[in-house]
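Peer 1: Just dropping this structure here.
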Amino acid sequence: MSTKDLVPSPVGPVDVEQAEAALVERYPRLVRIAYLVLPPSLGRNRRVLTAHALVQRSLPRRRVPGPAVPEPRLAEDAVDPGYAFVRSEVLRQALVAGLPLRRLALPRRAQFPPLLPHVWGLRLFPRVGGADELALDQRLSRLSGPGRAAYVLRGLERQGDAEVLRVLAAAGVEDPASALSEADAVDAADSPDGAGGTVGTQGGAAAPAGGSGGPRPSGGSGEPPTGRPGSDSGARTEDGYGRTERVGERGGPRREGGDGGRHGAGPGPGGPGADGADDRADSGPARRDGRADRVGEQGRPGQHDGAGSPGEATGRGGAGGGTTGPGGAGARRDPGRGVDGSGGPPGRLPGGGAPGSFDPGRRRSGVALLESDEFDPCALQARPTDLIRRRQHARAALVALAALLVCGALLGLPGDGWGRNGAAAPPYARNPAAEAALDPGALKRVAPGAWTGSTRQDFSVWPARGGLVGDGALLRRALAVWARPGASVHSSATPGTPVGPPMGPPQLLFAGVVDGARVVLLHDGLRAVRYAEPVEGAAGAALDFARTDGADTVGSAALVLSRAAGNVRYLTAPWVAETAVRDLLVPGKAPRPLARDAGGVTDPMPSPALARSCTRWNALQVRDGSGQRLLADLGELAPARLLWGPPAAPVDATGQEAREAWARTACQLTAVRAHGVRSVNAWRFARQALPEGAGRGTWVCTRAETWRGTGSRTLAQFLVPSPGVPAALAARSEGSPACGVRDPRVLAGVLWQAPGGGWYVLAAGSPDFASLETSGGVKGRSDGPFLAVRAAAGARADLNGVLRDGRRVGALR
C-alpha cells in the first residue's frame with residue numbers, strides 16, 4: 001500500500017449545519033460506533049453515556065475547509081462529507097477516551113467521565129444478547145482501541161482495507177496497519193473452523209468455500225479486490241473489501257424473508273431488495289422478532305457482484321470457482337439484499353429448511369453481530385443504582401449542606417469571621433462589651449472644634465480626620481484585627497503596652513490613605529493603636545501599639561502616621577499651629593518649614609529611626625499656643641519630647657545652649673530607641689578643669705523617661721573642649737533613679753588622654769558630693785566633686801564618692 005493511501009479522503013469543505021444534519025440523521029449509528037470502540041473495561045453504563053457525549057461533542061465550531069481542487073473520490077469513500085467528518089471526530093475522541101491516565105501527562109477531556117448527558121439514580125445499558133454477542137464482546141475487549149476501530153470500520157461501516165487505513169490515520173492512530181492486523185485476527189476467530197475460511201451449509205455439511213481460509217491481505221497495488229468480473233480466478237470470491245465471503249456463516253434462526261445472513265427476499269436476480277439503497281430496508285416479509293435482519297448490510301451501495309451486474313448473486317463452486325446464478329453452494333451476497341446459501345427457492349434455508357426453522361449447523365458471524373441490540377446504546381434498559389448506598393450518600397450530603405449553611409451564617413455575622421474582618425483570627429469570646437467594642441458604628445468621634453472649649457488638651461479631644469472615616473468595612477477590619485490579630489498580621493508594641501482588645505468602643509483619630517496604605521489610628525485612653533493594610537487587599541496588615549496614658553498637651557502633640565522609604569509622616573494635634581524640621585547635629589542652622597494638609601498630616605521627612613548612620617538627626621519642631629517643642633522619632637507611634645535642664649525644672653531644648661549640647665549627644669539616642677520613651681532630658685551636672693592645661697571638660701547626664709514609669713535609662717557623657725567632637729559615653733544604667741527628679745545626684749568617670757600623651761582617670765559628680773575616691777587598678781582621692789589621677793593606658797578603677805551628708809554613693813552603672 002502506498003503512502004498516498006493513508007491520506008484522508010478529500011471530503012471537501014464541511015459547514016456546521018451540514019455536519020449537524022449528518023449527526024442527527026445518523027445519530028444511532030455514530031453512537032454505536034463510539035460504543036464499540038470504547039474499551040469494555042469502562043462498564044456498560046459509562047460506555048453508553050460516554051458514547052452519547054462523544055457524538056454530541058463532535059460538531060465543528062466553524063466551517064471546516066477542504067482542498068481547493070478536490071481529488072477524485074475512491075469507490076469506498078464516504079458519500080456524505082458531513083458524515084465522514086463527524087465519524088472521524090467520534091473515532092478520534094473514542095480512541096483518546098480509551099487511553100490510560102498518566103501521572104505526568106496532561107489529561108484530555110475525553111478521558112474524564114462526561115458531564116452531559118448524565119443520569120441520576122439509574123444505570124443504563126443495552127439489551128442483553130446471546131452467547132455469540134458475549135463471545136464477540138470478549139474478543140473485542142482483548143483488542144486495542146485502534147484494533148476495535150478497524151474492526152468496526154470494516155464490519156459495521158463496510159469499509160475496505162485502504163479506506164480503513166486512511167480513516168484510522170486521520171483519527172490519529174500511529175500504526176493503522178497493526179490495528180488492521182488485529183481486526184484480521186478477530187475475523188479469523190469468527191469462522192467455525194477457526195481458520196478463517198468460508199463454510200458451506202447445504203444439507204448441514206461443512207464444505208470448503210474454495211481457497212485458503214484466512215483473511216486475504218490487500219494486493220500490491222494498494223487497492224482491495226473488488227469482486228468485479230475478471231478480478232480473481234474464481235477459486236474464492238471476495239466481497240470487495242479485501243475479505244473472503246462468509247455466506248455459509250450467515251445461518252441462524254430463520255426469519256420471514258431471510259435468516260441471519262439476510263437471504264434474498266426476491267425470487268431471483270433483480271427481484272425485490274436488489275437495489276441496496278437502504279441498508280436497513282428489507283423487501284421481504286416482516287421478521288418474527290420485529291427487527292430487520294442486518295446481515296445483508298454487509299454489502300456497499302453501488303458494488304457489483306461477480307457476474308458483472310448490480311444486484312446479481314454470484315455463486316462459487318467448491319473447488320473450481322465458476323460463477324453461477326442464485327442458489328449456488330457458495331452463493332455470494334449481493335450488497336443491499338440477502339441471498340440464501342442454497343439453490344432452493346427464495347425464503348427457504350439451505351438443506352430444505354422451512355421458513356422459521358433453525359439450522360444448528362449455522363451461526364452468525366461477528367460482523368453481523370455488530371448490528372445486534374447488544375451493541376445498540378440507543379435502545380437501553382434501566383435499573384436502579386445501589387439504593388442503600390444512595391440513601392447513605394444523600395444523608396451525608398444533607399449533613400454537609402447543613403454544616404455549610406451554619407458556618408456561612410456565622411461568618412456573615414457582624415464582627416465575626418475572616419471575610420468581613422480581613423486578617424482577623426476567628427472569634428474566641430462573645431459578650432456584649434466585646435461586641436460593642438468591635439462595632440464601627442459605636443466608635444467615639446469628637447467634633448472638630450471640641451478642643452477649643454475643653455479644660456484639657458490631650459488625645460481625648462482629637463477630632464476624627466481622614467478621607468475614610470466613613471468606611472465601615474475598613475473600620476470593622478481594624479477593630480477585628482486589634483481584638484484578634486491573625487498569624488499574618490505584623491504586630492508590634494512598645495515595652496509595657498498591653499495588646500489585648502479594647503474594653504469598650506475606642507476613639508477614632510484618623511482613617512485615610514497614606515503612602516499607598518489604608519491607615520486607621522485609634523485611642524482607648526491607655527493606648528494609641530495604628531492599623532495599616534495595603535490599598536490592594538488586606539494581606540500584610542500591620543498593627544502597632546503604643547502606651548500614651550497621662551499624655552499632656554505636648555505629649556499628645558503628634559503621632560506617627562506612616563514610615564516608608566526612610567521617611568516619616570506625622571498626624572499633628574489640632575492645636576499645633578506650625579511644624580518644622582530641625583537637624584540636631586547642626587545647631588546653628590535654621591529649621592526647615594514642614595507643610596501639612598487640612599487634616600493635620602505632614603509631608604514626609606527623613607527619619608533618624610530608620611537611618612543606619614548618624615550623619616543627621618532630624619527632629620520635629622512644633623509650635624502651639626505656649627511655645628516651641630522638639631519631638632524626636634525613636635521608632636514608636638508617639639515621638640519623644642526633648643528637654644534640657646536640671647531634673648526638677650527642665651525646659652524644651654530649643655535654646656542655644658541646649659541645641660549645642662544636643663548636637664554632641666543626639667547620636668546617643670539610639671541607645672533608647674524603641675523603648676517606650678516619653679521624654680529625654682539632658683543637663684550639664686559638672687564642668688571640670690582638665691590636667692596639663694587642656695581646657696575645661698563638660699559632664700552631661702541624659703535620662704529617658706518611659707510612658708509606663710519604669711525602665712528609664714540614664715547615660716553619663718563626657719564632652720571634651722573641642723566642639724566638633726561627639727560626646728564620649730562614660731556610664732549607662734537602666735532602672736536607676738539617678739539623674740532624675742527623685743535622685744538628681746550622679747557620679748561618673750572616664751579614662752582620658754591629654755594632648756601631651758599622658759593618661760588620666762577623670763571623674764566628676766553633681767554638686768552634692770564632698771569627696772571622690774578611686775581604687776583597684778588606679779588609686780587616688782580628692783576633695784570636692786572632681787577627680788583627676790594619672791593612670792596607665794587601659795587601666796581600670798573603681799569609683800565612689802561621699803555626699804555632704806556622709807552617705808557613700810557608687811558611680812553610675
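Naming works like this for the C-alpha cells: A, B, ... for the chains as they're shown, residue 1 at the start of each chain, ligands 1 onward in shown order.
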Please list as a ChimeraX atom specification every residue within 8 Å of Ala94 in chain A, counting only C-alpha atoms and excluding residues in the same chain fewer than 4 positions away.

Peer 2: /A:34,37-38,51,54,90,98,110

Peer 1: Write a file of the selected residues as a PDB file, in the first residue's frame, keeping N, CA, C and O atoms.

Peer 2:
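Below you can see out_23.pdb, which holds the result:
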```pdb
ATOM      1  N   ALA A  34     -19.103   4.678  18.468  1.00  0.00           N
ATOM      2  CA  ALA A  34     -18.369   5.098  19.666  1.00  0.00           C
ATOM      3  C   ALA A  34     -18.454   4.046  20.758  1.00  0.00           C
ATOM      4  O   ALA A  34     -17.464   3.766  21.452  1.00  0.00           O
ATOM      5  N   VAL A  37     -16.037   1.150  19.952  1.00  0.00           N
ATOM      6  CA  VAL A  37     -14.618   1.482  20.018  1.00  0.00           C
ATOM      7  C   VAL A  37     -14.172   1.732  21.451  1.00  0.00           C
ATOM      8  O   VAL A  37     -13.020   1.461  21.813  1.00  0.00           O
ATOM      9  N   LEU A  38     -15.053   2.232  22.317  1.00  0.00           N
ATOM     10  CA  LEU A  38     -14.676   2.480  23.707  1.00  0.00           C
ATOM     11  C   LEU A  38     -14.291   1.167  24.385  1.00  0.00           C
ATOM     12  O   LEU A  38     -14.857   0.114  24.090  1.00  0.00           O
ATOM     13  N   ALA A  51     -20.385   7.341  25.039  1.00  0.00           N
ATOM     14  CA  ALA A  51     -20.627   7.286  23.599  1.00  0.00           C
ATOM     15  C   ALA A  51     -21.542   8.413  23.158  1.00  0.00           C
ATOM     16  O   ALA A  51     -21.284   9.092  22.155  1.00  0.00           O
ATOM     17  N   LEU A  54     -19.543  11.738  23.374  1.00  0.00           N
ATOM     18  CA  LEU A  54     -18.554  11.931  22.311  1.00  0.00           C
ATOM     19  C   LEU A  54     -19.215  12.339  21.005  1.00  0.00           C
ATOM     20  O   LEU A  54     -18.720  13.220  20.284  1.00  0.00           O
ATOM     21  N   VAL A  90     -15.676  11.329  16.022  1.00  0.00           N
ATOM     22  CA  VAL A  90     -16.124  10.348  17.012  1.00  0.00           C
ATOM     23  C   VAL A  90     -15.041   9.309  17.260  1.00  0.00           C
ATOM     24  O   VAL A  90     -14.742   8.954  18.407  1.00  0.00           O
ATOM     25  N   GLY A  98     -10.077   5.881  25.493  1.00  0.00           N
ATOM     26  CA  GLY A  98      -9.568   4.583  25.906  1.00  0.00           C
ATOM     27  C   GLY A  98      -8.149   4.607  26.407  1.00  0.00           C
ATOM     28  O   GLY A  98      -7.654   3.591  26.915  1.00  0.00           O
ATOM     29  N   ALA A 110     -11.694  13.892  26.798  1.00  0.00           N
ATOM     30  CA  ALA A 110     -12.417  12.654  26.567  1.00  0.00           C
ATOM     31  C   ALA A 110     -12.095  11.584  27.591  1.00  0.00           C
ATOM     32  O   ALA A 110     -12.830  10.603  27.715  1.00  0.00           O
TER      33      ALA A 110
END
```

Peer 1: DSSP on the backbone: which residues in range 452-518 of chain A end up as helix (DSSP H, G or I)? Give the answer as a list in words.

Peer 2: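 Those in range 452-518 of chain A that DSSP calls helix (DSSP H, G or I) are Thr452, Gly453, Phe459, Ser460, Val461, Gly472, Ala473, Leu474, Leu475, Arg476, Arg477, Ala478, Leu479, Ala480, Val481, Trp482 and Ala483 of chain A.
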
Peer 1: Can you work out the spacing between CA of Phe718 in chain A and CA of Glu636 in chain A in Å, to one decimal?

Peer 2: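 For CA of Phe718 in chain A relative to CA of Glu636 in chain A, the distance reads 28.2 Å.
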
Peer 1: Pick from A:Pro767, A:Gly695, A:Pro113, A:Pro39: nearest to Ala149 in chain A, with only C-alpha atoms counted?

Peer 2: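 Nearest candidate to Ala149 in chain A out of A:Pro767, A:Gly695, A:Pro113, A:Pro39: A:Pro39.
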
Peer 1: Could you build a table of the residues in range 521-596 of chain A lying no more than 6 Å from range 487-507 of chain A, giving for each the nearest pair of atoms and their separation in Å rounded to one decimal place, using only C-alpha atoms, ordered by chain and ascending residue number, as a Markdown table?

Peer 2:
```
| residue | atom | partner | partner_atom | distance |
| --- | --- | --- | --- | --- |
| A:Leu522 | CA | A:Gln507 | CA | 5.6 |
| A:His523 | CA | A:Gln507 | CA | 5.1 |
| A:Asp524 | CA | A:Pro506 | CA | 4.6 |
| A:Ala541 | CA | A:Val489 | CA | 5.1 |
| A:Ala542 | CA | A:His490 | CA | 4.6 |
| A:Leu543 | CA | A:Ser491 | CA | 4.6 |
| A:Asp544 | CA | A:Ser492 | CA | 4.9 |
| A:Phe545 | CA | A:Ala493 | CA | 4.5 |
| A:Ala546 | CA | A:Thr494 | CA | 5.5 |
| A:Arg547 | CA | A:Thr497 | CA | 5.5 |
```

Peer 1: Write out the residues from the selection above, keeping N, CA and C atoms, as an mmCIF file, in the first residue's frame.

Peer 2:
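In the end it all went to out-v2.cif:
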```cif
data_model
loop_
_atom_site.group_PDB
_atom_site.id
_atom_site.type_symbol
_atom_site.label_atom_id
_atom_site.label_comp_id
_atom_site.auth_asym_id
_atom_site.auth_seq_id
_atom_site.Cartn_x
_atom_site.Cartn_y
_atom_site.Cartn_z
ATOM 1 N N LEU A 522 -6.464 54.740 66.310
ATOM 2 C CA LEU A 522 -7.472 54.638 67.358
ATOM 3 C C LEU A 522 -6.822 54.902 68.705
ATOM 4 N N HIS A 523 -7.655 55.282 69.677
ATOM 5 C CA HIS A 523 -7.166 55.556 71.032
ATOM 6 C C HIS A 523 -8.235 55.138 72.026
ATOM 7 N N ASP A 524 -7.814 54.395 73.041
ATOM 8 C CA ASP A 524 -8.776 53.920 74.045
ATOM 9 C C ASP A 524 -8.518 54.489 75.427
ATOM 10 N N ALA A 541 -1.257 43.001 56.666
ATOM 11 C CA ALA A 541 -1.698 44.059 57.576
ATOM 12 C C ALA A 541 -0.708 44.216 58.721
ATOM 13 N N ALA A 542 -0.634 45.439 59.256
ATOM 14 C CA ALA A 542 0.272 45.757 60.365
ATOM 15 C C ALA A 542 -0.531 46.384 61.494
ATOM 16 N N LEU A 543 -0.116 46.068 62.720
ATOM 17 C CA LEU A 543 -0.791 46.575 63.918
ATOM 18 C C LEU A 543 0.268 47.000 64.915
ATOM 19 N N ASP A 544 0.216 48.269 65.342
ATOM 20 C CA ASP A 544 1.210 48.832 66.272
ATOM 21 C C ASP A 544 0.500 49.388 67.498
ATOM 22 N N PHE A 545 1.070 49.087 68.671
ATOM 23 C CA PHE A 545 0.540 49.573 69.945
ATOM 24 C C PHE A 545 1.570 50.485 70.598
ATOM 25 N N ALA A 546 1.086 51.544 71.223
ATOM 26 C CA ALA A 546 1.951 52.448 71.994
ATOM 27 C C ALA A 546 1.171 52.957 73.195
ATOM 28 N N ARG A 547 1.793 52.922 74.347
ATOM 29 C CA ARG A 547 1.135 53.400 75.556
ATOM 30 C C ARG A 547 1.233 54.921 75.620
#
```

Peer 1: Within 8 Å of Asp652 in chain A, counting only C-alpha atoms, which residues show up once you throw out same-chain ones fewer than 5 positions away? Write them as number ranges by chain, please.

Peer 2: A: 628-630, 641-644

Peer 1: Point out the residue among A:Gly709, A:Pro448, A:Gly516, A:Gly627 with the least atom-to-atom distance to Ala598 in chain A, counting only C-alpha atoms.

Peer 2: A:Pro448

Peer 1: Just the residues within 8 Å of range 129-138 of chain A, please, counting only C-alpha atoms, with nothing from its chain fewer than 2 positions along; format it as a list of chain:residue names.

Peer 2: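 Residues near the query, excluding close chain neighbours: A:Pro40, A:Arg127, A:Leu140, A:Ser141, A:Arg142, A:Arg364, A:Gly366, A:Leu369, A:Ser372, A:Asp373, A:Glu374.
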
Peer 1: Could you please take those selected residues and save N, CA, C and O atoms as a PDB file, in the first residue's frame?

Peer 2:
```pdb
ATOM      1  N   PRO A  40     -14.315  -1.920  26.786  1.00  0.00           N
ATOM      2  CA  PRO A  40     -15.343  -2.508  27.647  1.00  0.00           C
ATOM      3  C   PRO A  40     -15.042  -2.396  29.135  1.00  0.00           C
ATOM      4  O   PRO A  40     -15.942  -2.541  29.954  1.00  0.00           O
ATOM      5  N   ARG A 127     -29.650  -3.826  25.656  1.00  0.00           N
ATOM      6  CA  ARG A 127     -30.287  -5.109  25.909  1.00  0.00           C
ATOM      7  C   ARG A 127     -29.268  -6.234  25.865  1.00  0.00           C
ATOM      8  O   ARG A 127     -28.305  -6.188  25.106  1.00  0.00           O
ATOM      9  N   LEU A 140     -13.469  -8.508  21.464  1.00  0.00           N
ATOM     10  CA  LEU A 140     -13.175  -7.082  21.261  1.00  0.00           C
ATOM     11  C   LEU A 140     -12.459  -6.472  22.460  1.00  0.00           C
ATOM     12  O   LEU A 140     -11.658  -5.549  22.304  1.00  0.00           O
ATOM     13  N   SER A 141     -12.771  -6.955  23.652  1.00  0.00           N
ATOM     14  CA  SER A 141     -12.126  -6.403  24.844  1.00  0.00           C
ATOM     15  C   SER A 141     -10.637  -6.688  24.874  1.00  0.00           C
ATOM     16  O   SER A 141      -9.881  -5.990  25.558  1.00  0.00           O
ATOM     17  N   ARG A 142     -10.217  -7.747  24.135  1.00  0.00           N
ATOM     18  CA  ARG A 142      -8.786  -8.070  24.116  1.00  0.00           C
ATOM     19  C   ARG A 142      -8.024  -7.263  23.059  1.00  0.00           C
ATOM     20  O   ARG A 142      -6.806  -7.337  22.989  1.00  0.00           O
ATOM     21  N   ARG A 364     -24.212 -16.927  13.453  1.00  0.00           N
ATOM     22  CA  ARG A 364     -23.993 -15.563  12.947  1.00  0.00           C
ATOM     23  C   ARG A 364     -22.541 -15.155  13.151  1.00  0.00           C
ATOM     24  O   ARG A 364     -21.961 -15.406  14.205  1.00  0.00           O
ATOM     25  N   GLY A 366     -19.213 -12.449  13.543  1.00  0.00           N
ATOM     26  CA  GLY A 366     -19.021 -11.257  14.374  1.00  0.00           C
ATOM     27  C   GLY A 366     -19.406  -9.994  13.670  1.00  0.00           C
ATOM     28  O   GLY A 366     -19.905  -9.042  14.270  1.00  0.00           O
ATOM     29  N   LEU A 369     -22.980  -9.584  14.079  1.00  0.00           N
ATOM     30  CA  LEU A 369     -23.358  -9.288  15.461  1.00  0.00           C
ATOM     31  C   LEU A 369     -23.185  -7.815  15.810  1.00  0.00           C
ATOM     32  O   LEU A 369     -23.740  -7.350  16.793  1.00  0.00           O
ATOM     33  N   SER A 372     -26.383  -6.066  16.272  1.00  0.00           N
ATOM     34  CA  SER A 372     -27.351  -6.600  17.231  1.00  0.00           C
ATOM     35  C   SER A 372     -27.647  -5.579  18.319  1.00  0.00           C
ATOM     36  O   SER A 372     -26.940  -4.578  18.490  1.00  0.00           O
ATOM     37  N   ASP A 373     -28.728  -5.851  19.083  1.00  0.00           N
ATOM     38  CA  ASP A 373     -29.128  -4.942  20.166  1.00  0.00           C
ATOM     39  C   ASP A 373     -28.136  -4.936  21.304  1.00  0.00           C
ATOM     40  O   ASP A 373     -28.146  -4.021  22.140  1.00  0.00           O
ATOM     41  N   GLU A 374     -27.279  -5.952  21.404  1.00  0.00           N
ATOM     42  CA  GLU A 374     -26.255  -5.985  22.448  1.00  0.00           C
ATOM     43  C   GLU A 374     -25.348  -4.765  22.370  1.00  0.00           C
ATOM     44  O   GLU A 374     -24.845  -4.288  23.383  1.00  0.00           O
TER      45      GLU A 374
END
```

Peer 1: Pick from A:Gly486, A:Pro377, A:Pro650, A:Gly449: nearest to Ala423 in chain A, with only C-alpha atoms counted?

Peer 2: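 For Ala423 in chain A, the nearest of the candidates is A:Gly486.
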
Peer 1: Please provide the set of residues having any atom within 12 Å of range 774-781 of chain A, restricted to only C-alpha atoms, with same-chain residues fewer than 6 positions apart removed, written as a list in words.

Peer 2: Ala748, Gly749, Val750, Leu751, Trp759, Tyr760, Val761, Leu762, Ala763, Ala764, Leu787, Ala788, Val789, Arg790, Ala791, Ala792, Ala793, Gly794, Ala795, Arg796, Ala797, Asp798, Leu799, Asn800, Gly801, Val802, Gly810 and Ala811 of chain A

Peer 1: Using only C-alpha atoms for the distances, tell me which of A:Ala97, A:Ala409, A:Ala170, A:Leu559 is nearest to Pro574 in chain A.

Peer 2: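 Closest candidate: A:Leu559.
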